[in-house]
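Next comes protein.txt, with compact mmCIF, C-alpha atoms.
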# COMPACT_ATOMS: atom_id res chain seq x y z
CA MET A 143 0.00 0.00 0.00
CA GLU A 144 1.22 3.50 -0.86
CA GLU A 145 2.33 5.60 2.09
CA ILE A 146 0.37 8.86 2.16
CA VAL A 147 2.46 11.94 2.92
CA PHE A 148 0.70 15.26 3.49
CA ASN A 149 2.08 18.76 3.45
CA ALA A 150 3.22 19.95 6.86
CA HIS A 151 0.45 21.72 8.74
CA ASN A 152 1.83 25.04 9.91
CA LYS A 153 -0.63 26.11 12.55
CA GLN A 154 -2.12 24.98 15.81
CA GLU A 155 -5.89 24.92 15.74
CA ASN A 156 -8.74 24.60 18.11
CA PRO A 157 -10.53 21.48 16.76
CA GLN A 158 -13.98 22.77 17.80
CA ASN A 159 -13.55 26.08 16.00
CA HIS A 160 -11.88 24.55 12.97
CA THR A 161 -14.78 22.12 12.55
CA THR A 162 -17.17 25.04 13.07
CA GLU A 163 -15.46 26.87 10.21
CA HIS A 164 -16.33 23.94 7.92
CA LEU A 165 -19.96 24.08 9.06
CA LEU A 166 -20.13 27.85 8.63
CA ASN A 167 -18.73 27.58 5.11
CA GLN A 168 -21.36 25.04 4.12
CA THR A 169 -24.12 27.04 5.81
CA MET A 170 -23.10 30.14 3.85
CA ILE A 171 -23.06 28.12 0.61
CA ARG A 172 -26.56 26.79 1.31
CA LEU A 173 -28.07 30.09 2.45
CA PHE A 174 -26.31 32.55 0.12
CA ASN A 175 -25.10 30.42 -2.80
CA CYS A 176 -21.60 31.80 -2.27
CA GLY A 177 -18.25 30.06 -2.07
CA ARG A 178 -16.37 28.99 1.02
CA ALA A 179 -14.64 31.77 3.02
CA VAL A 180 -12.16 33.80 1.00
CA SER A 181 -10.12 34.11 4.18
CA ALA A 182 -10.41 32.86 7.75
CA HIS A 183 -8.62 33.32 11.03
CA ILE A 184 -9.48 30.63 13.56
CA GLU A 185 -8.61 31.17 17.22
CA THR A 186 -9.67 29.75 20.57
CA LYS A 187 -11.46 32.83 21.94
CA LYS A 188 -12.97 34.19 18.71
CA SER A 189 -12.61 33.63 14.99
CA LYS A 190 -13.43 35.41 11.77
CA CYS A 191 -14.38 34.43 8.24
CA ASP A 192 -14.72 36.63 5.16
CA TYR A 193 -17.26 35.82 2.44
CA ALA A 194 -17.66 37.38 -1.00
CA LEU A 195 -21.30 38.50 -1.12
CA PRO A 196 -23.09 40.94 -3.43
CA GLN A 197 -24.74 42.67 -0.46
CA GLU A 198 -24.59 42.76 3.32
CA PRO A 199 -26.76 40.16 5.05
CA THR A 200 -29.72 41.61 6.93
CA ALA A 201 -30.14 41.23 10.69
CA GLU A 202 -32.74 38.54 10.00
CA GLU A 203 -30.34 36.65 7.71
CA ILE A 204 -27.56 36.87 10.30
CA ALA A 205 -29.89 35.46 12.96
CA ASN A 206 -30.82 32.70 10.51
CA ILE A 207 -27.13 31.81 10.02
CA GLU A 208 -26.65 31.51 13.77
CA ASN A 209 -29.83 29.43 14.18
CA LYS A 210 -28.98 27.09 11.30
CA MET A 211 -25.45 26.60 12.65
CA ASN A 212 -26.77 25.62 16.07
CA GLU A 213 -29.34 23.26 14.52
CA VAL A 214 -26.59 21.48 12.57
CA ILE A 215 -24.23 21.32 15.57
CA ALA A 216 -27.03 19.86 17.74
CA GLN A 217 -27.52 16.98 15.28
CA GLY A 218 -24.38 15.33 16.62
CA LEU A 219 -23.00 14.65 13.15
CA PRO A 220 -19.97 12.36 12.88
CA VAL A 221 -16.75 13.94 11.59
CA TYR A 222 -14.52 11.57 9.66
CA SER A 223 -11.94 11.52 6.87
CA ASP A 224 -11.26 9.54 3.76
CA TYR A 225 -8.64 9.82 1.05
CA ILE A 226 -8.87 10.51 -2.67
CA LYS A 227 -6.42 11.13 -5.48
CA LYS A 228 -6.07 14.80 -6.40
CA GLU A 229 -6.98 14.10 -10.04
CA GLU A 230 -10.28 12.51 -8.97
CA ALA A 231 -10.94 15.27 -6.40
CA LYS A 232 -10.79 17.98 -9.11
CA ALA A 233 -14.20 16.87 -10.40
CA ILE A 234 -15.79 17.01 -6.93
CA TYR A 235 -14.12 19.73 -4.87
CA ASN A 236 -12.78 23.24 -5.32
CA LEU A 237 -9.03 22.78 -5.07
CA SER A 238 -8.06 26.42 -5.66
CA LYS A 239 -6.78 26.88 -2.08
CA LEU A 240 -4.47 23.88 -2.17
CA PRO A 241 -0.78 24.73 -2.15
CA ASP A 242 1.08 24.06 -5.39
CA ASP A 243 3.04 21.27 -3.74
CA ALA A 244 -0.02 19.48 -2.27
CA SER A 245 0.32 15.73 -2.13
CA ASP A 246 -1.19 13.52 -4.86
CA THR A 247 -3.55 12.03 -2.27
CA LEU A 248 -5.88 14.41 -0.44
CA LYS A 249 -7.59 14.00 2.92
CA ILE A 250 -11.30 14.79 2.64
CA VAL A 251 -13.02 15.75 5.88
CA HIS A 252 -16.72 14.85 6.06
CA ILE A 253 -19.19 16.23 8.59
CA GLY A 254 -22.11 13.83 8.35
CA ASP A 255 -23.76 14.44 5.00
CA TYR A 256 -23.64 18.22 5.59
CA ASP A 257 -20.14 19.09 4.37
CA ALA A 258 -17.06 17.56 2.79
CA CYS A 259 -13.87 19.28 1.68
CA PRO A 260 -10.12 18.75 1.44
CA CYS A 261 -8.40 19.66 4.70
CA ILE A 262 -5.34 18.62 6.70
CA GLY A 263 -6.49 20.38 9.88
CA ILE A 264 -7.57 18.96 13.22
CA HIS A 265 -11.28 18.34 13.85
CA VAL A 266 -13.61 17.03 16.54
CA GLU A 267 -15.09 13.54 16.15
CA ASN A 268 -18.71 14.68 16.45
CA THR A 269 -20.41 18.07 16.17
CA SER A 270 -21.82 17.59 19.69
CA GLU A 271 -18.29 18.46 20.92
CA ILE A 272 -18.53 22.00 19.50
CA GLY A 273 -20.95 23.74 21.86
CA THR A 274 -23.03 26.77 20.88
CA PHE A 275 -22.20 28.98 17.89
CA LYS A 276 -22.49 32.72 18.48
CA ILE A 277 -22.00 35.56 15.98
CA LEU A 278 -20.23 38.40 17.79
CA SER A 279 -20.24 41.05 15.05
CA SER A 280 -20.04 41.56 11.33
CA SER A 281 -19.11 44.23 8.81
CA TYR A 282 -19.44 44.68 5.07
CA GLU A 283 -17.05 46.48 2.75
CA ASN A 284 -16.21 46.18 -0.95
CA GLY A 285 -18.23 43.01 -1.46
CA ILE A 286 -16.75 41.20 1.55
CA TRP A 287 -18.84 40.28 4.56
CA ARG A 288 -16.63 39.70 7.61
CA VAL A 289 -18.21 37.76 10.42
CA ARG A 290 -16.63 37.39 13.85
CA TRP A 291 -17.82 34.43 15.88
CA LYS A 292 -17.07 32.09 18.76
CA THR A 293 -18.19 28.80 20.15
CA VAL A 294 -19.18 28.35 23.79
CA ARG A 295 -19.09 25.00 25.54

Let me see the file written as structure tokens.
Amino acid sequence: MEEIVFNAHNKQENPQNHTTEHLLNQTMIRLFNCGRAVSAHIETKKSKCDYALPQEPTAEEIANIENKMNEVIAQGLPVYSDYIKKEEAKAIYNLSKLPDDASDTLKIVHIGDYDACPCIGIHVENTSEIGTFKILSSSYENGIWRVRWKTVR
């Protein structure tokens, strides 16, 4: 069997918040038909994600994001990984954020049937480990909606 070697992971992450980032990305895709975050900064106390949107979400839409996130988290979805060749993954996933020297085999992180994407980060085993998702603030400028959030256990 081929030994799988991944690129070195250069950051320490909070598994709860990193898994939450995956859920938030998929929630934004489902609610706003946008792509995954154009940038993200994941920390233990609070995190932020930036999304390319044609207009700022309304207060009602922001509340809906928070509610949907907490509904998904409460489902206790399993988080697991499988492996796929990069060539095969091109037809299924957006690989634009992969580094040029990414390995030929990619790790795909699945969160139940809610989300799946290539990722070498650290994740929880079940969404029930995340806690409650809370949007702290947001801003909108030049087509980018920045949302600051945290999880509370």

List as a Markdown table every residue of range 170-197 of chain A that is in contact with range 155-161 of chain A, defined as an atom at most 12 Å from one of its atoms (using only C-alpha atoms), together with the nearest atom pair and the distance in Å rounded to one decimal, sorted by chain and then rising number.
| residue | atom | partner | partner_atom | distance |
| --- | --- | --- | --- | --- |
| A:Ala182 | CA | A:His160 | CA | 9.9 |
| A:His183 | CA | A:His160 | CA | 9.6 |
| A:Ile184 | CA | A:His160 | CA | 6.6 |
| A:Glu185 | CA | A:Asn156 | CA | 6.6 |
| A:Thr186 | CA | A:Asn156 | CA | 5.8 |
| A:Lys187 | CA | A:Asn159 | CA | 9.2 |
| A:Lys188 | CA | A:Asn159 | CA | 8.6 |
| A:Ser189 | CA | A:Asn159 | CA | 7.7 |
| A:Lys190 | CA | A:Asn159 | CA | 10.2 |
| A:Cys191 | CA | A:His160 | CA | 11.2 |

Surrounding residues of Ser223 in chain A excluding itself and chain neighbours under 2 positions, 8 Å, all atoms listed in the file, as a ChimeraX atom specification: /A:221,225,249-252

Tell me which protein, DNA and RNA residues are within 12 Å of Cys176 in chain A, counting all atoms listed in the file, leaving out same-chain ones fewer than 5 positions away, and put them as a list of chain:residue names.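 Near Cys176 in chain A, the qualifying residues are A:Leu166, A:Asn167, A:Gln168, A:Thr169, A:Met170, A:Ile171, A:Asp192, A:Tyr193, A:Ala194, A:Leu195, A:Pro196, A:Gln197, A:Gly285, A:Ile286, A:Trp287.
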
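Residue nearest Val180 in chain A, chosen from A:Glu208, A:Asp255, A:Ala216, A:Lys239 and counting all atoms listed in the file: A:Lys239.
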
Atom pair CA of Leu219 in chain A / CA of Glu271 in chain A: separation (Å): 9.9 Å
